[in-house]
>>> print(open('final.cif').read())   # mmCIF, C-alpha atoms
data_entry
loop_
_atom_site.label_atom_id
_atom_site.label_comp_id
_atom_site.auth_asym_id
_atom_site.auth_seq_id
_atom_site.Cartn_x
_atom_site.Cartn_y
_atom_site.Cartn_z
CA MET A 1417 -4.82 -35.11 -17.53
CA ARG A 1418 -6.65 -37.11 -14.83
CA LEU A 1419 -4.81 -37.55 -11.56
CA ASP A 1420 -4.06 -40.98 -10.12
CA LYS A 1421 -5.74 -41.97 -6.86
CA GLY A 1422 -2.70 -41.23 -4.67
CA ARG A 1423 -2.22 -37.81 -6.16
CA THR A 1424 -5.96 -37.09 -5.94
CA VAL A 1425 -5.99 -37.78 -2.18
CA SER A 1426 -2.89 -35.64 -1.66
CA ASN A 1427 -4.28 -32.76 -3.64
CA LEU A 1428 -7.67 -32.89 -1.94
CA ILE A 1429 -5.87 -32.67 1.40
CA CYS A 1430 -4.10 -29.53 0.11
CA LEU A 1431 -7.40 -28.08 -1.08
CA THR A 1432 -9.03 -28.78 2.27
CA SER A 1433 -6.11 -27.11 4.07
CA LEU A 1434 -6.53 -24.06 1.87
CA LEU A 1435 -10.25 -23.94 2.71
CA VAL A 1436 -9.56 -24.07 6.44
CA CYS A 1437 -6.76 -21.49 6.34
CA ALA A 1438 -8.74 -19.15 4.13
CA SER A 1439 -11.62 -18.97 6.55
CA ALA A 1440 -9.57 -18.11 9.65
CA PRO A 1441 -7.32 -15.06 9.25
CA LEU A 1442 -9.80 -12.63 7.78
CA ALA A 1443 -12.28 -13.08 10.59
CA ALA A 1444 -9.82 -11.60 13.09
CA GLN A 1445 -9.13 -8.37 11.23
CA SER A 1446 -10.53 -5.10 12.51
CA GLY A 1447 -11.97 -2.56 10.09
CA VAL A 1448 -11.78 1.22 9.85
CA ASP A 1449 -13.68 3.57 7.60
CA LEU A 1450 -10.88 5.56 5.97
CA LEU A 1451 -13.34 8.15 4.72
CA ASP A 1452 -14.46 8.92 8.27
CA PRO A 1453 -11.94 11.34 9.84
CA GLU A 1454 -13.12 10.34 13.29
CA GLN A 1455 -11.81 6.81 12.70
CA VAL A 1456 -8.53 7.68 11.01
CA ARG A 1457 -5.58 7.82 13.38
CA ARG A 1458 -1.83 8.19 13.10
CA ALA A 1459 -0.25 4.81 12.43
CA LEU A 1460 2.41 3.25 14.65
CA GLU A 1461 1.70 5.38 17.71
CA SER A 1462 2.81 2.70 20.12
CA PRO A 1463 6.51 2.67 21.13
CA GLY A 1464 8.92 -0.14 20.41
CA GLN A 1465 8.10 -0.58 16.74
CA SER A 1466 10.81 -2.32 14.71
CA ASP A 1467 12.45 -0.40 11.91
CA GLY A 1468 12.40 -1.49 8.28
CA ALA A 1469 9.37 -1.93 6.06
CA VAL A 1470 6.00 -1.22 7.61
CA THR A 1471 2.49 -1.11 6.18
CA VAL A 1472 0.27 1.87 6.99
CA ARG A 1473 -3.15 2.89 5.80
CA ALA A 1474 -3.45 5.30 2.90
CA VAL A 1475 -5.98 7.97 3.79
CA LEU A 1476 -7.93 8.95 0.70
CA ALA A 1477 -8.56 12.69 0.58
CA GLU A 1478 -10.42 12.80 -2.73
CA ALA A 1479 -13.09 10.49 -4.14
CA PRO A 1480 -11.81 7.67 -6.39
CA GLY A 1481 -13.21 6.82 -9.80
CA GLY A 1482 -12.80 4.09 -12.37
CA VAL A 1483 -11.68 1.43 -9.89
CA VAL A 1484 -11.49 -2.04 -11.43
CA GLN A 1485 -10.59 -5.53 -10.29
CA ALA A 1486 -7.30 -6.80 -11.66
CA THR A 1487 -5.89 -10.22 -12.43
CA HIS A 1488 -3.19 -11.74 -10.31
CA GLU A 1489 -0.17 -11.16 -12.52
CA ARG A 1490 1.77 -8.62 -10.54
CA ASP A 1491 4.53 -6.35 -11.78
CA THR A 1492 6.90 -4.31 -9.61
CA LEU A 1493 7.79 -0.95 -11.17
CA GLN A 1494 11.03 0.12 -9.50
CA TYR A 1495 13.98 2.20 -10.68
CA ASP A 1496 16.09 2.31 -7.51
CA ASP A 1497 18.23 -0.58 -6.27
CA ASN A 1498 16.96 -0.56 -2.65
CA GLY A 1499 20.06 1.40 -1.62
CA PHE A 1500 19.88 5.15 -1.02
CA GLU A 1501 23.23 6.91 -1.06
CA ASN A 1502 21.81 10.02 0.60
CA PHE A 1503 20.98 7.78 3.57
CA GLU A 1504 24.37 6.10 3.70
CA ASN A 1505 26.75 9.04 3.36
CA ASP A 1506 24.53 11.46 5.32
CA THR A 1507 24.56 14.13 2.64
CA ALA A 1508 22.18 17.07 2.76
CA GLY A 1509 19.59 15.29 0.65
CA LEU A 1510 18.73 15.02 -3.02
CA GLU A 1511 19.93 17.09 -5.94
CA PRO A 1512 19.81 19.93 -6.68
CA SER A 1513 21.62 21.02 -3.54
CA THR A 1514 20.41 24.61 -3.26
CA THR A 1515 19.12 26.90 -0.54
CA PHE A 1516 15.66 26.91 -2.14
CA ARG A 1517 14.71 23.45 -0.96
CA SER A 1518 13.52 24.27 2.55
CA GLY A 1519 9.84 24.22 3.40
CA LEU A 1520 7.21 22.33 1.42
CA VAL A 1521 8.76 20.51 -1.55
CA GLU A 1522 7.32 18.03 -4.04
CA TRP A 1523 9.38 15.38 -5.85
CA ALA A 1524 7.96 13.29 -8.70
CA GLN A 1525 9.22 10.24 -10.57
CA ARG A 1526 8.19 9.05 -14.00
CA PHE A 1527 6.84 5.50 -14.37
CA GLU A 1528 6.19 3.62 -17.60
CA VAL A 1529 3.27 1.18 -17.28
CA GLU A 1530 3.44 -1.48 -19.99
CA HIS A 1531 -0.09 -2.85 -19.55
CA ASP A 1532 -3.43 -1.51 -18.36
CA SER A 1533 -3.10 -2.18 -14.65
CA ALA A 1534 -4.64 -1.70 -11.23
CA LEU A 1535 -2.53 -0.42 -8.37
CA VAL A 1536 -1.78 -2.78 -5.48
CA SER A 1537 0.63 -0.77 -3.31
CA VAL A 1538 3.22 2.00 -3.25
CA ARG A 1539 6.52 1.97 -1.36
CA VAL A 1540 8.03 5.28 -0.16
CA CYS A 1541 11.38 5.41 1.71
CA PHE A 1542 12.40 8.14 4.18
CA ARG A 1543 15.22 8.66 6.68
CA ARG A 1544 15.12 10.37 10.07
CA PRO A 1545 18.57 11.94 10.53
CA ASP A 1546 20.56 11.92 13.75
CA GLY A 1547 19.48 14.79 15.93
CA ASP A 1548 15.92 14.87 14.58
CA LEU A 1549 13.73 15.13 17.68
CA SER A 1550 10.39 14.36 16.03
CA ARG A 1551 9.33 10.86 15.10
CA SER A 1552 6.33 12.03 13.03
CA LEU A 1553 6.46 11.49 9.27
CA ASP A 1554 3.66 13.11 7.29
CA PHE A 1555 3.54 13.39 3.52
CA ASN A 1556 1.16 13.59 0.59
CA LEU A 1557 1.16 11.16 -2.32
CA ARG A 1558 -0.23 12.21 -5.72
CA PHE A 1559 -0.58 10.77 -9.20
CA TYR A 1560 -0.14 12.84 -12.35
CA GLY A 1561 -0.50 12.26 -16.04
CA ASP A 1562 2.32 13.03 -18.48
CA SER A 1563 2.74 16.37 -20.24
CA VAL A 1564 5.13 16.75 -23.16
CA VAL A 1565 6.16 20.28 -24.19
CA ASN A 1566 9.05 20.83 -26.63
CA ASN A 1567 9.98 17.14 -26.30
CA VAL A 1568 10.33 17.49 -22.51
CA ASN A 1569 8.24 15.28 -20.21
CA ASN A 1570 6.87 16.71 -16.97
CA PRO A 1571 4.05 15.83 -14.58
CA GLY A 1572 0.85 17.01 -16.19
CA ARG A 1573 -2.75 16.92 -15.04
CA ARG A 1574 -3.49 15.51 -11.61
CA SER A 1575 -5.39 12.25 -11.59
CA GLY A 1576 -7.81 13.53 -8.94
CA LEU A 1577 -6.40 11.33 -6.17
CA LEU A 1578 -4.54 12.72 -3.18
CA TYR A 1579 -3.37 10.45 -0.37
CA VAL A 1580 -2.56 11.99 3.02
CA ILE A 1581 -0.13 9.75 4.90
CA GLU A 1582 0.53 9.96 8.64
CA THR A 1583 3.15 7.60 10.06
CA ASP A 1584 6.47 7.87 11.91
CA ILE A 1585 10.09 6.74 12.19
CA SER A 1586 10.58 5.59 15.75
CA ARG A 1587 14.30 6.31 16.21
CA ALA A 1588 16.66 9.01 14.96
CA GLY A 1589 19.35 7.82 12.59
CA ARG A 1590 17.05 5.19 11.08
CA ASN A 1591 15.31 4.93 7.73
CA ARG A 1592 11.97 3.34 6.93
CA CYS A 1593 10.24 2.18 3.76
CA VAL A 1594 6.50 2.64 4.12
CA ILE A 1595 4.23 0.29 2.16
CA LEU A 1596 0.93 2.00 1.31
CA SER A 1597 -2.15 0.07 0.22
CA ASP A 1598 -5.81 0.11 1.40
CA HIS A 1599 -7.60 2.75 -0.71
CA LEU A 1600 -4.68 2.77 -3.13
CA ALA A 1601 -5.65 -0.75 -4.18
CA GLY A 1602 -7.65 -0.84 -7.39
CA LYS A 1603 -6.68 2.57 -8.78
CA THR A 1604 -6.51 2.23 -12.55
CA LEU A 1605 -3.22 2.98 -14.30
CA ASN A 1606 -3.69 2.85 -18.06
CA GLU A 1607 -0.84 1.72 -20.27
CA GLY A 1608 1.55 4.63 -20.77
CA VAL A 1609 3.44 7.20 -18.70
CA HIS A 1610 2.48 8.26 -15.17
CA TRP A 1611 4.17 10.40 -12.54
CA VAL A 1612 4.03 9.69 -8.80
CA SER A 1613 4.92 12.52 -6.43
CA VAL A 1614 5.78 12.83 -2.74
CA GLU A 1615 5.21 16.17 -1.03
CA TRP A 1616 6.48 16.87 2.49
CA ASN A 1617 7.91 19.66 4.60
CA THR A 1618 11.70 19.39 4.51
CA ASP A 1619 11.92 21.62 7.60
CA THR A 1620 10.95 18.48 9.54
CA GLN A 1621 14.41 17.14 8.49
CA LYS A 1622 12.86 13.96 7.10
CA ARG A 1623 14.82 12.91 4.04
CA LEU A 1624 13.27 11.22 1.00
CA GLY A 1625 15.35 8.35 -0.34
CA GLY A 1626 17.66 9.14 -3.25
CA ASP A 1627 19.39 6.44 -5.28
CA HIS A 1628 22.56 7.81 -6.91
CA TYR A 1629 24.74 6.38 -9.63
CA THR A 1630 27.95 4.73 -8.42
CA SER A 1631 30.91 3.07 -10.11
CA GLU A 1632 29.19 -0.28 -9.58
CA ASP A 1633 25.86 1.01 -10.87
CA GLU A 1634 26.60 3.63 -13.51
CA ALA A 1635 24.16 4.97 -16.07
CA ARG A 1636 23.97 3.63 -19.60
CA THR A 1637 25.09 5.69 -22.57
CA ASP A 1638 23.89 5.79 -26.17
CA ARG A 1639 26.06 5.63 -29.29
CA SER A 1640 26.87 9.33 -28.98
CA GLY A 1641 28.00 8.92 -25.38
CA ASN A 1642 24.96 10.68 -23.93
CA VAL A 1643 23.61 9.40 -20.63
CA VAL A 1644 20.44 7.29 -20.89
CA HIS A 1645 18.29 7.32 -17.76
CA ASP A 1646 15.67 4.65 -17.07
CA THR A 1647 13.37 7.20 -15.46
CA GLU A 1648 13.03 10.95 -15.01
CA VAL A 1649 12.84 12.87 -11.73
CA ARG A 1650 11.37 16.34 -11.19
CA TRP A 1651 11.03 18.62 -8.15
CA ARG A 1652 9.41 21.92 -7.28
CA GLN A 1653 8.87 24.28 -4.38
CA VAL A 1654 5.33 24.51 -2.98
CA GLN A 1655 3.92 27.44 -1.03
CA GLU A 1656 0.69 27.29 0.92
CA GLY A 1657 -2.00 29.40 -0.70
CA ALA A 1658 0.10 30.16 -3.78
CA PRO A 1659 0.51 28.43 -7.15
CA ALA A 1660 3.20 25.77 -7.14
CA ALA A 1661 6.47 26.54 -8.89
CA GLU A 1662 7.33 25.03 -12.25
CA TRP A 1663 8.80 21.56 -12.33
CA THR A 1664 12.60 21.41 -12.43
CA ASN A 1665 14.72 18.60 -13.85
CA ALA A 1666 16.56 17.18 -10.84
CA ARG A 1667 19.54 16.30 -13.03
CA SER A 1668 19.91 19.75 -14.62
CA VAL A 1669 22.23 20.93 -11.85
CA VAL A 1670 24.08 17.84 -10.71
CA GLY A 1671 24.91 14.69 -12.65
CA ALA A 1672 23.30 15.68 -15.96
CA GLY A 1673 26.09 14.19 -18.07
CA GLN A 1674 27.85 11.93 -15.60
CA THR A 1675 27.47 8.16 -15.58
CA MET A 1676 28.94 7.50 -12.12
CA SER A 1677 27.38 10.29 -10.07
CA GLY A 1678 24.13 12.16 -9.77
CA LEU A 1679 20.59 11.14 -8.96
CA LYS A 1680 19.20 7.97 -10.54
CA ALA A 1681 15.78 7.64 -8.84
CA ILE A 1682 13.92 8.61 -5.70
CA GLY A 1683 12.71 6.09 -3.14
CA VAL A 1684 9.29 5.39 -4.67
CA SER A 1685 8.14 2.17 -6.35
CA LEU A 1686 4.82 0.62 -7.41
CA VAL A 1687 3.26 -2.83 -7.42
CA VAL A 1688 0.53 -3.26 -10.04
CA GLU A 1689 -1.68 -6.06 -11.36
CA ARG A 1690 -2.48 -6.40 -15.02
CA VAL A 1691 -6.08 -5.73 -15.91
CA HIS A 1692 -6.17 -8.02 -18.95
CA PRO A 1693 -4.60 -11.50 -19.10
CA PRO A 1694 -2.01 -12.23 -21.80
CA ASP A 1695 -2.98 -14.45 -24.71
CA PRO A 1696 -3.20 -17.34 -25.14
CA GLY A 1697 -5.29 -18.23 -22.12
CA PRO A 1698 -8.59 -19.73 -21.10
CA GLY A 1699 -10.25 -16.31 -20.82
CA PRO A 1700 -12.81 -15.34 -18.20
CA GLY A 1701 -15.24 -17.98 -19.37
CA PRO A 1702 -18.99 -17.80 -19.81
CA ASP A 1703 -20.92 -15.03 -18.08
CA PRO A 1704 -22.48 -16.48 -14.92
CA GLY A 1705 -25.61 -14.43 -15.70
CA PRO A 1706 -27.26 -11.56 -13.85
CA ASP A 1707 -30.18 -13.48 -12.34
CA PRO A 1708 -29.41 -16.37 -9.97
CA GLY A 1709 -32.83 -18.00 -10.56
CA PRO A 1710 -33.92 -20.88 -8.38
CA ALA A 1711 -31.13 -22.45 -6.38
CA PRO A 1712 -30.17 -26.03 -7.29
CA ASP A 1713 -30.18 -28.82 -4.73
CA SER A 1714 -26.42 -28.45 -4.30
CA ALA A 1715 -24.24 -25.33 -4.21
CA CYS A 1716 -22.63 -26.49 -7.48
CA SER A 1717 -24.34 -27.89 -10.56
CA ASP A 1718 -23.77 -27.92 -14.34
CA GLY A 1719 -20.56 -25.91 -14.20
CA LEU A 1720 -22.06 -23.20 -11.94
CA CYS A 1721 -21.51 -22.66 -8.21
CA LEU A 1722 -23.72 -20.44 -6.05
CA LEU A 1723 -21.75 -19.23 -3.03
CA GLU A 1724 -22.38 -17.16 0.10
CA ASN A 1725 -26.13 -17.68 0.31
CA ASP A 1726 -26.42 -17.66 -3.49
CA ARG A 1727 -25.10 -14.10 -3.73
CA PHE A 1728 -22.18 -15.03 -6.02
CA ARG A 1729 -22.43 -17.02 -9.25
CA VAL A 1730 -19.11 -18.64 -10.15
CA ARG A 1731 -17.91 -20.36 -13.31
CA ALA A 1732 -14.41 -21.40 -14.36
CA ARG A 1733 -12.43 -22.21 -17.49
CA TYR A 1734 -9.10 -23.97 -17.90
CA ALA A 1735 -6.47 -24.54 -20.57
CA MET A 1736 -3.77 -27.19 -20.57
CA PRO A 1737 -0.49 -26.32 -22.40
CA GLY A 1738 -1.08 -26.35 -26.14
CA MET A 1739 -4.84 -26.79 -25.80
CA ALA A 1740 -7.76 -24.45 -26.29
CA GLY A 1741 -9.73 -23.22 -23.31
CA GLU A 1742 -12.54 -25.38 -21.99
CA SER A 1743 -15.31 -24.77 -19.49
CA ALA A 1744 -14.76 -26.42 -16.14
CA GLY A 1745 -17.29 -28.79 -14.62
CA THR A 1746 -18.33 -28.84 -10.97
CA VAL A 1747 -18.51 -31.32 -8.12
CA ALA A 1748 -21.63 -31.34 -5.95
CA ALA A 1749 -19.71 -31.24 -2.67
CA GLY A 1750 -21.12 -30.57 0.78
CA LEU A 1751 -19.20 -27.36 1.43
CA GLY A 1752 -22.16 -25.45 2.80
CA GLY A 1753 -22.31 -22.97 -0.05
CA ALA A 1754 -19.03 -21.38 1.06
CA ALA A 1755 -16.78 -22.89 -1.63
CA GLY A 1756 -17.00 -24.69 -4.94
CA LEU A 1757 -14.98 -27.54 -6.45
CA PHE A 1758 -14.39 -27.58 -10.21
CA THR A 1759 -13.26 -30.40 -12.48
CA PHE A 1760 -11.06 -30.01 -15.56
CA GLY A 1761 -12.37 -32.55 -18.07
CA GLY A 1762 -12.60 -35.47 -15.69
CA ASP A 1763 -14.28 -36.70 -12.53
CA HIS A 1764 -11.69 -35.46 -10.03
CA PRO A 1765 -11.83 -32.00 -8.36
CA GLU A 1766 -8.90 -29.87 -9.50
CA LEU A 1767 -9.83 -26.33 -8.44
CA LEU A 1768 -11.29 -25.02 -5.18
CA VAL A 1769 -12.85 -21.52 -5.19
CA ARG A 1770 -13.72 -19.88 -1.88
CA LEU A 1771 -15.34 -16.50 -1.17
CA VAL A 1772 -14.66 -15.33 2.39
CA ASP A 1773 -16.94 -12.89 4.21
CA ASP A 1774 -14.68 -10.24 5.78
CA CYS A 1775 -17.36 -7.55 5.94
CA SER A 1776 -16.60 -6.76 9.59
CA GLY A 1777 -12.88 -6.39 8.80
CA SER A 1778 -11.73 -5.11 5.42
CA GLY A 1779 -15.29 -4.56 4.17
CA TYR A 1780 -14.74 -6.97 1.28
CA TYR A 1781 -15.45 -10.52 0.27
CA GLY A 1782 -12.02 -12.03 -0.26
CA LEU A 1783 -11.47 -14.62 -2.99
CA TYR A 1784 -9.20 -17.64 -2.56
CA ALA A 1785 -8.48 -20.32 -5.14
CA GLY A 1786 -6.24 -23.38 -5.01
CA ALA A 1787 -5.55 -25.79 -7.87
CA ALA A 1788 -4.41 -29.40 -7.89
CA THR A 1789 -3.20 -29.12 -11.48
CA ASP A 1790 -0.68 -27.19 -13.58
CA ALA A 1791 -3.33 -25.91 -15.99
CA ASP A 1792 -4.00 -22.21 -16.59
CA TYR A 1793 -7.42 -21.26 -15.30
CA SER A 1794 -9.69 -18.26 -14.99
CA ILE A 1795 -12.66 -17.67 -12.67
CA ALA A 1796 -15.67 -15.52 -13.53
CA VAL A 1797 -17.69 -14.26 -10.57
CA ARG A 1798 -20.89 -12.22 -10.68
CA ASP A 1799 -22.20 -10.42 -7.60
CA THR A 1800 -25.97 -10.71 -7.98
CA MET A 1801 -26.51 -7.86 -5.50
CA THR A 1802 -24.71 -5.29 -7.68
CA ASN A 1803 -24.60 -7.21 -10.99
CA ASP A 1804 -20.82 -6.64 -11.13
CA LEU A 1805 -18.82 -9.23 -13.08
CA LYS A 1806 -15.13 -9.74 -12.30
CA TRP A 1807 -12.61 -12.38 -13.28
CA PHE A 1808 -9.47 -13.77 -11.73
CA ARG A 1809 -6.65 -15.72 -13.34
CA GLY A 1810 -4.07 -18.28 -12.24
CA LEU A 1811 -1.22 -19.37 -14.50
CA GLY A 1812 0.21 -22.87 -14.26
CA GLY A 1813 -2.07 -23.77 -11.37
CA ALA A 1814 -0.92 -20.82 -9.24
CA SER A 1815 -3.03 -20.08 -6.18
CA ILE A 1816 -5.02 -16.89 -5.63
CA ARG A 1817 -4.94 -15.63 -2.07
CA ASP A 1818 -6.93 -12.91 -0.35
CA ALA A 1819 -8.03 -11.00 -3.44
CA MET A 1820 -10.38 -8.23 -2.30
CA ALA A 1821 -13.07 -9.24 -4.77
CA PHE A 1822 -16.34 -7.46 -3.95
CA THR A 1823 -17.40 -4.82 -1.46
CA CYS A 1824 -19.90 -6.01 1.11
CA ASN A 1825 -22.51 -3.23 0.62
CA ASN A 1826 -24.19 -3.97 3.89
#
>>> encode(input="final.cif", output="structure tokens")
Amino acid sequence: MRLDKGRTVSNLICLTSLLVCASAPLAAQSGVDLLDPEQVRRALESPGQSDGAVTVRAVLAEAPGGVVQATHERDTLQYDDNGFENFENDTAGLEPSTTFRSGLVEWAQRFEVEHDSALVSVRVCFRRPDGDLSRSLDFNLRFYGDSVVNNVNNPGRRSGLLYVIETDISRAGRNRCVILSDHLAGKTLNEGVHWVSVEWNTDTQKRLGGDHYTSEDEARTDRSGNVVHDTEVRWRQVQEGAPAAEWTNARSVVGAGQTMSGLKAIGVSLVVERVHPPDPGPGPGPDPGPDPGPAPDSACSDGLCLLENDRFRVRARYAMPGMAGESAGTVAAGLGGAAGLFTFGGDHPELLVRLVDDCSGSGYYGLYAGAATDADYSIAVRDTMTNDLKWFRGLGGASIRDAMAFTCNN
């Protein structure tokens, strides 16, 4: 398991590069308090923006609850194929094609979450048709639980989170997939069924992406020949100041029994991080303890590193393939209390852990980790200011980059 001298030098150079790179980009970011309406502005106001995917801030309209820190095993939950037929053939929009779809409309898609997870981002795709004179794109994003009545699934109780999105599509005839993060990050999605909805005013002519079945991408059928859909889609009319209409199955009018036509999914997808690591693994390791106590002579000693002026207590564990998890040792390195070096059963440093102060930017301490080994590892970090304990995991020596670990609280 020990590295030879040549490999040790090479890997330490990599670790040092990671330390330098980790400290630079976050310092240049500018922050905004998304809960302060005076600081929230419409994204992409400047002309000349390129089309395609763009990241905008998610403005949180209701207070969050139950936010947790996830691991770094990410899953993309997506039912469309990145191609939206209602964009390509310039049809009127999504099914059902009726005259009752003008005004404020809400569309929801069913997602099955296989593991307790925390939300990282949401992608929503819209098109601005030719002849549309307004570049503004405003919509609401909501999360619902699942309600089953007479064996029919529909969006149920709201999760209590409403996101108000203000962005734009710079040129008519173009489509844009908006990547939403910020206050979305960390929202807990328990294992099971969830619905994600997009509500917007269709009188603005903005068109939500619709992925339809084609001859190259037809629906599956069961033994009886019935169509099997990977997800469900619902829609309803919304009137200001009045109760929303009942949810309608988007496939009940068009494409209900057809494998090569009809709506497959809307242009919404999720990226999530698993809350609990899969077994077997090294686990989060020993609790760093709530009380930092007297600081040692070095930032790292006896398997414990005290970082960022002793605010964070950091321990690590590792597991080589086929071996049980072991606690990692530390190297007393002169890194100024900003980073810690851990050893995996030998004398050579094999894991660098860095906490980056980005309080003036994102408002978080970001966590970086880089390994010079192919071992699985986990990092336990306790914030002594709040007594919060969180853990982070890397499989096969994978790096951890810019994890928003702890709020600054200052």
>>> resolve_selection(input="final.cif", expression="the PyMOL selection byres ((chain A and resi 1629) around 12)", output="count of residues only")
34
>>> residues_around(input="final.cif", residues="region 1558-1568 of chain A", least_positions_apart="3", cutoff="9 Å", atoms="only C-alpha atoms", output="ChimeraX atom specification")
/A:1524,1526,1571-1579,1608-1615
>>> atom_distance(input="final.cif", atom1="CA of Phe1728 (chain A)", atom2="CA of Glu1689 (chain A)")
23.0 Å
>>> residues_around(input="final.cif", residues="Ser1552 (chain A)", least_positions_apart="5", cutoff="12 Å", atoms="all atoms listed in the file", output="PDB file with C-alpha atoms, keeping the file's coordinate frame")
ATOM      1  CA  ARG A1458      -1.830   8.190  13.100  1.00  0.00           C
ATOM      2  CA  ALA A1459      -0.250   4.810  12.430  1.00  0.00           C
ATOM      3  CA  LEU A1460       2.410   3.250  14.650  1.00  0.00           C
ATOM      4  CA  GLU A1461       1.700   5.380  17.710  1.00  0.00           C
ATOM      5  CA  PHE A1542      12.400   8.140   4.180  1.00  0.00           C
ATOM      6  CA  ARG A1543      15.220   8.660   6.680  1.00  0.00           C
ATOM      7  CA  ARG A1544      15.120  10.370  10.070  1.00  0.00           C
ATOM      8  CA  ILE A1581      -0.130   9.750   4.900  1.00  0.00           C
ATOM      9  CA  GLU A1582       0.530   9.960   8.640  1.00  0.00           C
ATOM     10  CA  THR A1583       3.150   7.600  10.060  1.00  0.00           C
ATOM     11  CA  ASP A1584       6.470   7.870  11.910  1.00  0.00           C
ATOM     12  CA  ILE A1585      10.090   6.740  12.190  1.00  0.00           C
ATOM     13  CA  SER A1586      10.580   5.590  15.750  1.00  0.00           C
ATOM     14  CA  ARG A1587      14.300   6.310  16.210  1.00  0.00           C
ATOM     15  CA  ALA A1588      16.660   9.010  14.960  1.00  0.00           C
ATOM     16  CA  TRP A1616       6.480  16.870   2.490  1.00  0.00           C
ATOM     17  CA  ASN A1617       7.910  19.660   4.600  1.00  0.00           C
ATOM     18  CA  THR A1620      10.950  18.480   9.540  1.00  0.00           C
ATOM     19  CA  GLN A1621      14.410  17.140   8.490  1.00  0.00           C
ATOM     20  CA  LYS A1622      12.860  13.960   7.100  1.00  0.00           C
TER      21      LYS A1622
END
>>> atom_distance(input="final.cif", atom1="CA of Thr1759 (chain A)", atom2="CA of Leu1783 (chain A)")
18.5 Å
>>> resolve_selection(input="final.cif", expression="the PyMOL selection byres ((chain A and resi 1797) around 6)", output="PDB file with C-alpha atoms, in the frame of the given file")
ATOM      1  CA  ARG A1729     -22.430 -17.020  -9.250  1.00  0.00           C
ATOM      2  CA  VAL A1730     -19.110 -18.640 -10.150  1.00  0.00           C
ATOM      3  CA  ALA A1796     -15.670 -15.520 -13.530  1.00  0.00           C
ATOM      4  CA  ARG A1798     -20.890 -12.220 -10.680  1.00  0.00           C
ATOM      5  CA  LEU A1805     -18.820  -9.230 -13.080  1.00  0.00           C
ATOM      6  CA  LYS A1806     -15.130  -9.740 -12.300  1.00  0.00           C
TER       7      LYS A1806
END
>>> atom_distance(input="final.cif", atom1="CA of Ser1815 (chain A)", atom2="CA of Gly1752 (chain A)")
21.8 Å
>>> closest_residue(input="final.cif", among="A:Met1801, A:Cys1593, A:Ala1735, A:Cys1824", to="Gly1777 (chain A)", atoms="only C-alpha atoms")
A:Cys1824
>>> resolve_selection(input="final.cif", expression="the PyMOL selection byres ((chain A and resi 1775) around 9)", output="list in words")
Ala1443, Gly1447, Val1772, Asp1773, Asp1774, Ser1776, Gly1777, Ser1778, Gly1779, Tyr1780, Tyr1781, Thr1823, Cys1824, Asn1825 and Asn1826 of chain A
>>> closest_residue(input="final.cif", among="A:Gly1641, A:Pro1765, A:Pro1659, A:Gly1786", to="Leu1811 (chain A)", atoms="all atoms listed in the file")
A:Gly1786
